[in-house]
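J.: Contents of query-v5.txt (compact mmCIF, C-alpha atoms) are given next:
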# COMPACT_ATOMS: atom_id res chain seq x y z
CA MET A 1 59.91 74.02 103.28
CA ASP A 2 60.43 77.58 104.33
CA VAL A 3 63.74 78.86 103.06
CA ARG A 4 64.54 82.39 104.18
CA ARG A 5 66.93 84.35 102.07
CA PRO A 6 69.02 86.95 103.81
CA GLY A 7 67.71 90.43 103.21
CA ARG A 8 69.57 93.46 101.96
CA ARG A 9 70.09 94.77 105.49
CA ALA A 10 71.68 91.53 106.62
CA TYR A 11 73.89 91.60 103.56
CA ILE A 12 75.05 95.15 104.36
CA ASN A 13 75.72 94.16 107.99
CA MET A 14 77.71 91.17 106.87
CA LYS A 15 79.70 93.31 104.44
CA LYS A 16 80.31 95.88 107.16
CA THR A 17 81.49 93.24 109.62
CA VAL A 18 83.84 91.70 107.10
CA PHE A 19 85.20 95.10 106.15
CA LEU A 20 85.80 96.24 109.74
CA LEU A 21 87.29 92.92 110.70
CA THR A 22 89.64 92.92 107.73
CA ALA A 23 90.68 96.52 108.36
CA PHE A 24 91.35 95.84 112.02
CA PHE A 25 93.21 92.66 111.24
CA PHE A 26 95.43 94.36 108.67
CA TYR A 27 96.14 97.21 111.06
CA PHE A 28 97.07 94.74 113.75
CA PHE A 29 99.23 92.67 111.40
CA LEU A 30 100.96 95.76 110.03
CA SER A 31 101.74 97.18 113.46
CA ILE A 32 103.19 93.87 114.64
CA SER A 33 105.20 93.44 111.44
CA THR A 34 106.63 96.93 111.76
CA ALA A 35 107.54 96.34 115.36
CA SER A 36 109.19 93.03 114.53
CA ALA A 37 111.35 94.63 111.83
CA GLN A 38 113.46 96.39 114.42
CA VAL A 39 116.12 95.21 116.77
CA GLN A 40 116.89 96.49 120.22
CA VAL A 41 120.60 96.79 120.60
CA ARG A 42 122.45 97.79 123.72
CA ILE A 43 125.95 99.10 123.45
CA ARG A 44 127.89 99.51 126.63
CA VAL A 45 131.24 101.21 126.63
CA ILE A 46 133.34 99.72 129.41
CA LEU A 47 136.68 100.93 130.70
CA ALA A 48 138.70 97.94 131.81
CA SER A 49 141.80 98.64 133.86
CA ASN A 50 143.91 97.40 136.70
CA GLU A 51 143.28 100.45 138.81
CA GLY A 52 141.22 99.40 141.76
CA GLN A 53 138.97 96.40 142.22
CA SER A 54 135.59 97.78 141.37
CA ILE A 55 133.09 96.23 139.00
CA ASP A 56 130.20 98.37 137.92
CA PRO A 57 126.91 96.87 139.24
CA SER A 58 125.24 97.46 135.87
CA LEU A 59 127.74 95.03 134.29
CA SER A 60 126.57 92.11 136.41
CA ASP A 61 125.20 90.26 133.34
CA VAL A 62 128.58 90.34 131.54
CA HIS A 63 130.75 90.19 134.63
CA LYS A 64 131.24 86.44 134.27
CA GLU A 65 132.32 86.79 130.63
CA LEU A 66 134.64 89.66 131.39
CA GLY A 67 136.18 87.89 134.35
CA SER A 68 136.83 84.69 132.43
CA LEU A 69 138.31 86.48 129.41
CA PHE A 70 140.42 89.29 130.74
CA ASN A 71 142.82 89.91 133.57
CA PHE A 72 141.59 93.34 134.48
CA THR A 73 140.60 94.07 138.03
CA SER A 74 138.29 96.98 137.41
CA TYR A 75 135.42 97.36 134.96
CA ARG A 76 133.73 100.74 134.84
CA LEU A 77 130.74 101.57 132.68
CA LEU A 78 131.46 104.71 130.70
CA ARG A 79 128.35 104.76 128.60
CA ASP A 80 125.19 102.72 128.18
CA GLU A 81 123.39 103.24 124.88
CA PRO A 82 120.20 101.29 124.33
CA MET A 83 118.95 101.82 120.79
CA LYS A 84 116.36 100.56 118.38
CA LEU A 85 117.84 99.68 115.04
CA VAL A 86 115.78 99.63 111.89
CA PRO A 87 117.21 98.16 108.71
CA ASN A 88 119.78 100.28 106.89
CA ARG A 89 119.63 103.22 109.24
CA THR A 90 122.90 104.07 110.92
CA VAL A 91 123.03 105.07 114.56
CA THR A 92 126.07 106.87 115.90
CA VAL A 93 127.45 106.47 119.39
CA GLN A 94 129.73 109.34 120.28
CA GLY A 95 132.93 108.58 122.09
CA ARG A 96 134.24 110.38 125.14
CA ARG A 97 136.96 112.05 123.17
CA PRO A 98 136.16 114.23 120.17
CA GLY A 99 136.53 112.55 116.79
CA ARG A 100 135.89 109.09 118.22
CA PHE A 101 132.61 107.42 117.54
CA MET A 102 130.96 104.20 116.57
CA GLU A 103 128.43 103.66 113.78
CA VAL A 104 125.98 100.82 114.07
CA THR A 105 123.75 99.72 111.20
CA LEU A 106 121.26 96.91 111.02
CA VAL A 107 121.81 95.39 107.58
CA GLY A 108 119.70 92.28 107.89
CA LEU A 109 117.22 90.64 110.19
CA HIS A 110 116.70 86.89 110.24
CA ARG A 111 114.83 84.48 112.43
CA ASP A 112 117.61 83.85 114.87
CA ASN A 113 120.07 86.63 114.27
CA ALA A 114 120.53 90.19 113.22
CA GLN A 115 123.24 91.27 110.83
CA ILE A 116 124.85 94.34 112.28
CA LYS A 117 127.57 96.43 110.71
CA ILE A 118 129.86 98.21 113.14
CA ARG A 119 132.40 100.87 112.34
CA VAL A 120 134.69 102.29 114.98
CA ILE A 121 136.09 105.59 113.79
CA ARG A 122 138.93 107.61 115.27
CA GLU A 123 139.74 111.01 113.82
CA GLY A 124 138.09 110.22 110.52
CA VAL A 125 139.84 106.86 110.09
CA ASP A 126 138.12 103.48 110.41
CA ILE A 127 139.98 101.61 113.10
CA LEU A 128 137.52 98.74 112.86
CA ASN A 129 135.01 97.79 110.23
CA THR A 130 133.11 94.62 110.87
CA GLN A 131 129.83 92.87 110.26
CA ILE A 132 128.49 90.43 112.80
CA ARG A 133 125.54 88.11 113.08
CA LEU A 134 124.23 88.71 116.53
CA SER A 135 121.86 86.29 118.18
CA PRO A 136 119.36 87.61 120.69
CA GLY A 137 120.59 87.65 124.24
CA ARG A 138 124.18 87.15 123.13
CA THR A 139 126.97 89.65 123.60
CA VAL A 140 129.84 90.47 121.33
CA LEU A 141 132.75 92.18 123.00
CA ILE A 142 134.89 94.49 120.93
CA GLY A 143 137.92 95.72 122.77
CA GLY A 144 141.49 96.85 122.56
CA PRO A 145 141.76 100.59 122.06
CA ARG A 146 143.62 102.19 124.94
CA TYR A 147 141.91 104.77 127.06
CA GLY A 148 143.81 106.31 129.91
CA GLU A 149 145.37 103.55 131.97
CA GLY A 150 143.06 100.89 130.65
CA VAL A 151 141.34 99.71 127.49
CA VAL A 152 137.92 100.30 126.09
CA ILE A 153 135.57 97.38 125.57
CA PHE A 154 132.32 97.71 123.66
CA ALA A 155 129.74 95.17 124.74
CA VAL A 156 127.15 94.82 121.98
CA SER A 157 124.04 92.82 122.77
CA SER A 158 120.67 92.57 121.10
CA HIS A 159 117.06 91.68 121.84
CA PHE A 160 114.35 91.03 119.24
CA MET B 161 41.72 101.13 39.31
CA LYS B 162 39.13 102.53 41.69
CA ASP B 163 39.36 99.43 43.93
CA SER B 164 43.09 99.61 43.84
CA CYS B 165 42.94 103.33 44.68
CA SER B 166 40.71 102.79 47.71
CA SER B 167 42.87 99.94 49.00
CA VAL B 168 46.08 101.95 48.46
CA SER B 169 44.66 105.08 50.08
CA MET B 170 44.11 102.99 53.22
CA ILE B 171 47.80 102.22 53.50
CA LEU B 172 49.06 105.46 52.02
CA GLU B 173 49.55 107.07 55.43
CA LYS B 174 51.41 103.98 56.68
CA TYR B 175 53.56 104.13 53.55
CA PHE B 176 54.30 107.79 54.23
CA ASP B 177 55.38 106.91 57.78
CA ARG B 178 57.50 104.03 56.44
CA GLU B 179 55.57 101.46 58.36
CA VAL B 180 54.56 99.25 55.42
CA THR B 181 55.83 95.85 54.45
CA GLU B 182 57.93 95.28 51.37
CA ALA B 183 54.92 94.00 49.39
CA GLU B 184 52.77 96.95 50.44
CA ARG B 185 55.54 99.36 49.55
CA SER B 186 55.87 98.00 45.98
CA LEU B 187 52.09 98.01 45.64
CA VAL B 188 51.88 101.69 46.64
CA GLU B 189 54.79 102.73 44.48
CA SER B 190 53.43 101.02 41.35
CA HIS B 191 49.99 102.51 41.99
CA VAL B 192 51.24 106.04 42.63
CA ARG B 193 53.05 106.02 39.30
CA ASP B 194 49.69 105.76 37.49
CA CYS B 195 47.28 107.44 39.96
CA SER B 196 47.53 111.20 40.12
CA THR B 197 45.01 111.45 43.00
CA CYS B 198 47.08 109.29 45.28
CA ARG B 199 50.23 111.04 44.10
CA ASP B 200 48.66 114.38 45.02
CA THR B 201 47.61 113.02 48.43
CA LEU B 202 51.16 111.86 49.04
CA ALA B 203 52.54 115.22 47.94
CA SER B 204 50.18 117.09 50.25
CA MET B 205 51.25 114.84 53.14
CA GLU B 206 54.87 115.70 52.40
CA GLU B 207 54.02 119.37 52.21
CA LEU B 208 52.19 119.23 55.52
CA ARG B 209 55.09 117.50 57.17
CA THR B 210 57.55 120.09 55.87
CA LEU B 211 55.29 122.86 57.14
CA MET B 212 55.21 121.35 60.62
CA LYS B 213 58.80 120.22 60.76
CA THR B 214 60.62 123.37 59.69
CA PRO B 215 59.54 125.76 62.49
CA VAL B 216 59.98 123.09 65.17
CA GLU B 217 63.48 122.26 63.94
CA GLU B 218 64.36 125.92 63.77
CA ALA B 219 63.10 126.51 67.33
CA VAL B 220 65.05 123.53 68.62
CA ARG B 221 68.17 124.77 66.87
CA LYS B 222 67.85 128.17 68.49
CA GLU B 223 67.14 126.84 71.96
CA ASP B 224 69.73 124.72 73.78
CA PHE B 225 67.50 124.17 76.79
CA PRO B 226 69.96 125.09 79.58
CA TRP B 227 67.26 125.02 82.18
CA VAL B 228 66.42 121.45 81.21
CA TRP B 229 70.01 120.35 81.87
CA GLU B 230 70.13 122.30 85.10
CA LYS B 231 67.02 120.55 86.24
CA ILE B 232 68.38 117.16 85.25
CA GLU B 233 71.71 117.78 87.01
CA ARG B 234 69.99 119.00 90.14
CA GLY B 235 67.80 115.93 90.08
CA VAL B 236 70.83 113.65 89.69
CA ARG B 237 72.69 115.37 92.54
CA LEU B 238 69.68 115.15 94.80
CA GLN B 239 69.29 111.49 93.95
CA GLU B 240 72.98 110.83 94.71
CA ARG B 241 72.80 112.68 98.01
CA ARG B 242 69.71 110.76 98.94
CA THR B 243 71.33 107.42 98.12
CA ARG B 244 74.71 108.22 99.72
CA TRP B 245 73.46 109.40 103.07
CA PRO B 246 71.44 106.33 104.08
CA SER B 247 74.29 104.13 102.95
CA LEU B 248 76.79 106.16 104.98
CA ARG B 249 74.46 106.15 107.95
CA SER B 250 74.12 102.40 107.74
CA TRP B 251 77.94 102.08 107.71
CA LEU B 252 78.29 104.33 110.75
CA ASP B 253 75.64 102.49 112.65
CA VAL B 254 77.42 99.93 114.84
CA THR B 255 74.39 98.52 116.59
CA PRO B 256 74.06 95.54 114.21
CA LEU B 257 77.63 94.58 115.15
CA LEU B 258 76.65 94.24 118.77
CA ARG B 259 74.21 91.51 117.90
CA LYS B 260 75.25 88.10 119.10
CA LYS B 261 74.66 86.73 115.62
CA VAL B 262 77.34 89.05 114.26
CA TRP B 263 79.98 89.45 116.93
CA ILE B 264 80.35 85.78 117.82
CA PRO B 265 81.40 84.75 114.27
CA ALA B 266 83.43 87.97 114.03
CA ALA B 267 85.29 87.24 117.24
CA ALA B 268 85.80 83.63 116.17
CA THR B 269 87.20 84.74 112.82
CA PHE B 270 89.47 87.22 114.55
CA VAL B 271 90.80 84.58 116.92
CA VAL B 272 91.51 82.25 113.98
CA LEU B 273 93.28 85.01 112.05
CA LEU B 274 95.23 85.97 115.14
CA PHE B 275 96.27 82.39 115.67
CA ILE B 276 97.47 82.07 112.07
CA THR B 277 99.29 85.40 112.21
CA ALA B 278 100.88 84.64 115.54
CA GLN B 279 102.29 81.45 114.03
CA ILE B 280 103.98 83.49 111.33
CA ILE B 281 105.10 86.39 113.49
CA PHE B 282 106.24 84.64 116.61
CA LYS B 283 107.99 81.97 114.60
CA GLN B 284 110.56 84.67 114.02
CA THR B 285 111.29 84.79 117.72
CA PRO B 286 114.50 82.89 117.89
CA SER B 287 115.76 80.50 120.42
CA SER B 288 118.45 81.99 122.59
CA LYS B 289 120.82 79.22 121.60
CA GLY B 290 122.05 80.79 118.36
CA ALA B 291 125.68 81.73 118.15
CA SER B 292 127.11 85.03 117.06
CA VAL B 293 129.24 85.06 113.95
CA VAL B 294 131.74 87.58 112.68
CA GLU B 295 131.05 87.85 108.95
CA TYR B 296 133.88 90.11 108.02
CA LEU B 297 136.41 92.25 109.74
CA GLU B 298 138.96 94.81 108.70
CA SER B 299 141.18 97.09 110.67
CA PRO B 300 143.98 98.97 108.95
CA ALA B 301 145.45 100.24 112.22
CA TYR B 302 145.27 97.18 114.47
CA ASN B 303 146.05 93.53 114.56
CA VAL B 304 142.74 91.94 115.26
CA MET B 305 141.98 88.62 116.86
CA VAL B 306 138.57 87.03 116.99
CA TYR B 307 137.82 84.29 119.43
CA GLN B 308 134.74 82.58 120.62
CA LEU B 309 134.26 80.88 123.92
CA GLU B 310 131.89 78.00 124.37
CA GLU B 311 131.27 78.61 128.04
CA PRO B 312 130.28 81.34 128.57
CA GLU B 313 129.16 81.76 124.95
CA VAL B 314 130.75 84.98 123.94
CA THR B 315 132.46 86.36 120.86
CA VAL B 316 135.40 88.68 121.34
CA ILE B 317 136.97 90.95 118.76
CA TRP B 318 140.21 92.23 120.20
CA MET B 319 142.34 94.91 118.63
CA PHE B 320 146.03 94.82 119.49
CA GLU B 321 147.76 98.11 119.15
CA GLY B 322 151.22 98.26 117.63
CA PRO B 323 154.05 99.58 119.84
CA GLU B 324 154.19 102.95 118.02
CA GLU B 325 150.43 103.46 118.35
CA GLU B 326 150.31 102.68 122.01
CA HIS B 327 152.02 105.98 122.71
CA THR B 328 149.95 108.14 120.39
CA SER B 329 146.52 106.79 121.24
CA THR B 330 146.58 107.52 124.92
Will you turn the file into C-alpha cells for me?

T.:
Amino acid sequence: MDVRRPGRRAYINMKKTVFLLTAFFFYFFLSISTASAQVQVRIRVILASNEGQSIDPSLSDVHKELGSLFNFTSYRLLRDEPMKLVPNRTVTVQGRRPGRFMEVTLVGLHRDNAQIKIRVIREGVDILNTQIRLSPGRTVLIGGPRYGEGVVIFAVSSHF
Amino acid sequence: MKDSCSSVSMILEKYFDREVTEAERSLVESHVRDCSTCRDTLASMEELRTLMKTPVEEAVRKEDFPWVWEKIERGVRLQERRTRWPSLRSWLDVTPLLRKKVWIPAAATFVVLLFITAQIIFKQTPSSKGASVVEYLESPAYNVMVYQLEEPEVTVIWMFEGPEEEHTST
C-alpha cells in the first residue's frame, strides 16, 4: 500500500492557512464584538405647548404616544441628538439655555436592554437623576420642566 | 624482568596517555618502581610533553582569537539570514492558498466559525418586546411621577414643579 506522507511544503502551507484563517477570524470577531458593545441612543428634546396645532413631522413615531399621554396641542422638536454610547462614557446634551444640560451614560449592556444613567442639570443642580433599563425600539419620555409657554419633554430611545 | 620490561614498554605509552585498564595500570606502576629503564622512559615522555605543552599554552593564553569569533558570528548571521528569508518568502507567497485543496477547507472552516460566532453575537440582539424599567430616580427639586402605559408601551417620567418654582424656571 502506498501511503504518502505530507511533505514539509504542505505542512508550511497548512500552517499558513490556519494562521491566516485564525487571524482573520479573530479580527472579524473582535470588530463585531466592539461594535456590539455600543448602543445607539437618540435623544429628542420636544417643546410641548398649547400654542398652535402643529406637530413636528419628525415626531411621527412618537406622535401616538404623545397624543395619548398629554393634552398639548403642539409638539415642536427643539433638538435631535443621535449618539453612540459606549459603556461608562458620559455624553452631554446641551440645553437651549445656558447652564442647562443632560448627561447620558451607558452603565450596562444586556441582551435585551441597556442600562442608561441620565442626569438633568440646571445651573449646577441635579433636577433629575435616574437610571433606566431601556429596551431597543422603546422610548422613555422624561418631561415636566417648563420652557416658555410649554414644557420640555425628552424622548430617549435606543437601538442596538 | 626482561620479559616484563618488554611487555610493559608496549603499554607504557598507553599508560602515559591514561588509556590503560586498572590491571594494566597496577602492572606498570609495580614494574616502574623496580625498573629504572622504564622509569627513565616515562620521565622522558613527561619531559617531552612539558616541552611541547608550555609554548602552546603560552601562545593560547596570549591570543584570544578575535578573528575566529568574528568569523563564527558572521557565519551564524549569514546562516540566519539565509534561513529567515526563504521562510519569510514562503509566508508571503499566497499562491498555495489559491489551490482548491486549500481554500475549500479554509472557506468551509470559516463558514463554520462564522456560524458559531453569529450564534453568540446575534443572540444578543433582543426581541423588541422588552419593557423599559426605571431602576432608580431622584429629584430634589421636583415631585416626580413614573407611569407606564401598556398600549402604547411607553414609560413616562414626569416632573411636577412646585408653585414657587413655576415662576422662577420660566

J.: At a cut-off of 12 Å, using only C-alpha atoms, what residues contact stretch 67-69 of chain A? Leave out same-chain residues fewer than 2 positions from it and give the result as a PyMOL selection string.

T.: (chain A and resi 48+53+55+59-65+71-75+141+143+153) or (chain B and resi 307-318)

J.: For a quick check of understanding, using only C-alpha atoms, which of A:Glu123, A:Glu103, A:Asp112, A:Glu51 has the smallest distance to chain B?

T.: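 Checking each candidate against chain B, we get A:Asp112 as the closest.
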
J.: Taking all atoms listed in the file into account, which residues of chain A are within 8 Å of chain B, as a PyMOL selection string?

T.: chain A and resi 13-14+16-18+21+25+29+32-33+36+64-65+110-113+126-148+160

J.: Residues within 8 Å of A:Gly150, please, as a ChimeraX atom specification. Count all atoms listed in the file; anything in the same chain fewer than 6 positions from it doesn't count.

T.: /A:47-50

J.: May I have the residues within 12 Å of stretch 89-98 of chain A as a ChimeraX atom specification, using all atoms listed in the file and disregarding those fewer than 4 positions away in the same chain?

T.: /A:38-47,78-85,102-108,116-124,145,147-148,152,154,156 /B:329-330

J.: One decimal, in Å: what's the spacing between atom CA of A:Tyr27 and atom CA of B:Val272?

T.: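 Atom CA of A:Tyr27 sits 15.9 Å away from atom CA of B:Val272.
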
J.: Report, in Å with one decimal, the straight-line distance from atom CA of B:Ser164 to atom CA of B:Arg209.

T.: 25.3 Å

J.: What is the atom CA of B:Glu217-atom CA of B:Ile171 distance in Å, reported with one decimal?

T.: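 Result for atom CA of B:Glu217 versus atom CA of B:Ile171: 27.5 Å, one decimal.
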
J.: Using only C-alpha atoms, which residue out of B:Glu173, B:Glu179, B:Glu184, B:Glu218 lies closest to B:Ala203?

T.: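 Smallest distance to B:Ala203 is found for B:Glu173.
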